[in-house]
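For reference, upload-v1.csv is printed below; it contains CSV, C-alpha atoms.
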```csv
chain,number,residue,atom,x,y,z
A,1,MET,CA,0.0,0.0,0.0
A,2,LEU,CA,1.3,3.4,-0.9
A,3,TYR,CA,-0.4,5.4,1.8
A,4,THR,CA,-2.0,5.0,5.3
A,5,THR,CA,-5.1,6.8,6.5
A,6,ILE,CA,-5.2,7.8,10.1
A,7,THR,CA,-8.1,9.5,11.9
A,8,MET,CA,-7.1,11.6,14.8
A,9,THR,CA,-8.3,14.4,17.0
A,10,ILE,CA,-7.2,18.0,16.7
A,11,ARG,CA,-5.6,17.6,20.2
A,12,LYS,CA,-3.6,14.6,19.1
A,13,PHE,CA,-2.6,16.4,15.9
A,14,ARG,CA,-1.6,19.5,17.9
A,15,ASP,CA,0.4,17.6,20.5
A,16,GLU,CA,2.0,14.8,18.5
A,17,ILE,CA,2.2,15.7,14.8
A,18,PHE,CA,2.0,19.5,14.2
A,19,HIS,CA,5.4,20.5,15.6
A,20,GLN,CA,7.0,17.9,13.3
A,21,THR,CA,5.3,19.1,10.2
A,22,ASP,CA,6.5,21.5,7.5
A,23,CYS,CA,3.3,23.4,6.7
A,24,GLN,CA,5.0,25.6,4.0
A,25,PRO,CA,7.1,23.3,1.9
A,26,VAL,CA,8.1,24.1,-1.6
A,27,GLY,CA,5.1,23.6,-3.8
A,28,GLN,CA,2.5,24.3,-1.1
A,29,ARG,CA,0.3,27.3,-1.9
A,30,LEU,CA,1.2,30.4,0.1
A,31,PRO,CA,-1.1,31.7,2.8
A,32,VAL,CA,-3.9,33.8,1.6
A,33,TYR,CA,-4.4,37.3,3.0
A,34,SER,CA,-7.9,38.0,4.2
A,35,VAL,CA,-9.3,41.1,6.0
A,36,ASN,CA,-9.6,40.4,9.8
A,37,ASN,CA,-8.3,36.8,9.1
A,38,SER,CA,-11.8,35.9,7.8
A,39,LYS,CA,-10.4,32.8,6.1
A,40,GLY,CA,-8.9,31.4,9.3
A,41,VAL,CA,-12.0,32.4,11.3
A,42,GLY,CA,-14.2,30.6,8.7
A,43,ILE,CA,-12.0,27.4,9.0
A,44,ILE,CA,-12.2,27.3,12.8
A,45,SER,CA,-15.9,28.3,12.8
A,46,THR,CA,-16.6,25.3,10.6
A,47,VAL,CA,-15.0,22.9,13.2
A,48,MET,CA,-16.7,24.7,16.1
A,49,ASP,CA,-20.0,24.3,14.4
A,50,GLY,CA,-19.5,20.5,14.4
A,51,PHE,CA,-18.5,20.1,10.8
A,52,SER,CA,-15.4,18.5,9.3
A,53,PHE,CA,-12.9,20.8,7.7
A,54,GLY,CA,-11.7,18.0,5.4
A,55,ILE,CA,-8.8,15.7,5.1
A,56,ILE,CA,-5.3,17.0,5.9
A,57,THR,CA,-2.7,15.1,3.8
A,58,LEU,CA,0.9,14.7,5.1
A,59,MET,CA,3.9,12.9,3.6
A,60,GLU,CA,6.2,11.2,6.1
A,61,LEU,CA,9.8,12.1,5.4
A,62,ASN,CA,12.7,9.7,5.7
A,63,GLY,CA,16.2,10.7,6.7
A,64,ASN,CA,17.6,13.5,8.8
A,65,GLN,CA,15.4,16.4,7.8
A,66,ARG,CA,14.2,19.1,10.1
A,67,PHE,CA,10.7,17.8,9.9
A,68,ALA,CA,9.2,14.3,10.1
A,69,TYR,CA,6.2,15.3,7.9
A,70,GLU,CA,5.5,17.6,5.0
A,71,SER,CA,2.2,19.2,4.1
A,72,ILE,CA,0.7,17.9,0.8
A,73,ASP,CA,-2.8,19.3,1.2
A,74,GLY,CA,-4.6,21.4,3.8
A,75,GLY,CA,-1.9,24.0,4.5
A,76,HIS,CA,-4.4,26.8,5.1
A,77,ARG,CA,-6.4,24.6,7.5
A,78,LYS,CA,-3.3,23.5,9.4
A,79,ARG,CA,-1.9,27.1,9.7
A,80,ALA,CA,-5.3,28.4,10.7
A,81,LEU,CA,-5.7,25.7,13.3
A,82,TRP,CA,-2.2,26.3,14.7
A,83,GLU,CA,-2.7,30.1,14.8
A,84,TYR,CA,-6.0,29.8,16.6
A,85,LEU,CA,-4.7,27.2,19.1
A,86,ASN,CA,-1.9,29.7,19.9
A,87,ASN,CA,-4.4,32.6,20.4
A,88,GLY,CA,-3.5,34.3,17.1
A,89,PHE,CA,-7.1,35.4,16.5
A,90,LYS,CA,-10.6,35.3,18.0
A,91,VAL,CA,-13.6,33.2,16.8
A,92,ASN,CA,-17.0,34.2,18.1
A,93,GLY,CA,-15.3,36.9,20.1
A,94,LYS,CA,-13.0,34.5,22.0
A,95,PHE,CA,-9.4,33.4,21.8
A,96,PHE,CA,-8.8,29.6,22.2
A,97,SER,CA,-7.5,30.1,25.7
A,98,GLU,CA,-10.8,31.8,26.7
A,99,LEU,CA,-13.0,28.8,25.7
A,100,SER,CA,-14.6,26.7,28.4
A,101,LYS,CA,-14.0,23.0,28.5
A,102,GLU,CA,-17.4,22.4,26.9
A,103,GLU,CA,-16.6,24.7,24.0
```

Take the structure in the file and write it out as structure tokens.
Amino acid sequence: MLYTTITMTIRKFRDEIFHQTDCQPVGQRLPVYSVNNSKGVGIISTVMDGFSFGIITLMELNGNQRFAYESIDGGHRKRALWEYLNNGFKVNGKFFSELSKEE
């Protein structure tokens, strides 16, 4: 098999995979500017409303690279997720750190 599909939570992705992932490799589309980060807010709002934001595709790298994974698809979603989890912008008037456990 040429690929493996793994389903994981955002928490697991954040804690175990994200810091090992190059989200801006050569060939990945560059971030898109949007007024008031409306693109990032839209991505996070989708998840907070209980919808999937789609599949994120990574390639596992072999060797002694700086990263263990490289982004193939979902760069905007990964970057928006990381920025929100690190309090880079508000969604529904709240930073990530201001959310209750239920939220």

Item to complete: For CA of Glu70 (chain A) and CA of Ile17 (chain A), determine how far apart the two atoms are, in Å to one decimal place.
Response: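 Answer for the CA of Glu70 (chain A) to CA of Ile17 (chain A) separation: 10.5 Å.
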
Worksheet item: Of the candidates A:Leu30, A:Ile44, A:Leu2, A:Ile55, which shows the shortest atom-to-atom distance to Asn92 (chain A), using only C-alpha atoms?
Response: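 Looking at the shortest contact to Asn92 (chain A), the residue is A:Ile44.
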
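Ranking A:Ile6, A:Pro25, A:Arg66, A:Asp15 by their shortest atom-to-atom distance to Leu85 (chain A), with all atoms listed in the file included, puts A:Asp15 first.
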
Practice prompt. Compare A:Phe89, A:Phe96, A:Tyr3, A:Phe53 by their minimum atom-to-atom distance to Gly75 (chain A), counting only C-alpha atoms, and give me the closest one.
Written response: A:Phe53

Report as JSON lines the residues of region 47-82 of chain A within 12 Å of region 9-12 of chain A, each with its shortest atom pair and distance in Å (one decimal), using all atoms listed in the file, ordered by chain and increasing residue number.
```
{"residue": "A:Val47", "atom": "CA", "partner": "A:Ile10", "partner_atom": "CA", "distance": 9.9}
{"residue": "A:Met48", "atom": "CA", "partner": "A:Ile10", "partner_atom": "CA", "distance": 11.6}
{"residue": "A:Ser52", "atom": "CA", "partner": "A:Ile10", "partner_atom": "CA", "distance": 11.1}
{"residue": "A:Phe53", "atom": "CA", "partner": "A:Ile10", "partner_atom": "CA", "distance": 11.0}
{"residue": "A:Ile55", "atom": "CA", "partner": "A:Ile10", "partner_atom": "CA", "distance": 11.9}
{"residue": "A:Ile56", "atom": "CA", "partner": "A:Ile10", "partner_atom": "CA", "distance": 11.0}
{"residue": "A:Arg77", "atom": "CA", "partner": "A:Ile10", "partner_atom": "CA", "distance": 11.4}
{"residue": "A:Lys78", "atom": "CA", "partner": "A:Ile10", "partner_atom": "CA", "distance": 9.9}
{"residue": "A:Leu81", "atom": "CA", "partner": "A:Ile10", "partner_atom": "CA", "distance": 8.5}
{"residue": "A:Trp82", "atom": "CA", "partner": "A:Ile10", "partner_atom": "CA", "distance": 9.9}
```

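Taking CA of Thr57 (chain A) and CA of Val32 (chain A) as endpoints, the distance between them is 18.9 Å.
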
Worksheet, complete the sentence: Among A:Gly50, A:Gly42, A:Glu98, A:Met59, Asp73 (chain A) is approached most closely, using all atoms listed in the file, by A:Met59

Item to complete: For each of A:Glu60, A:Asp22, A:Glu16, A:Glu83, take the minimum atom-to-atom distance to Val41 (chain A), counting all atoms listed in the file, then give the residue where this is smallest.
Response: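 Comparing A:Glu60, A:Asp22, A:Glu16, A:Glu83 against Val41 (chain A), the winner is A:Glu83.
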
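CA of Gly40 (chain A) to CA of His76 (chain A) spans 7.7 Å [interatomic distance, one decimal].
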
Discussion item. With distances taken over all atoms listed in the file, which residue among A:Met8, A:Gln65, A:Gly93, A:Gly88 lies nearest Ser45 (chain A)?
Written reply: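 For Ser45 (chain A), the nearest of the given residues is A:Gly93.
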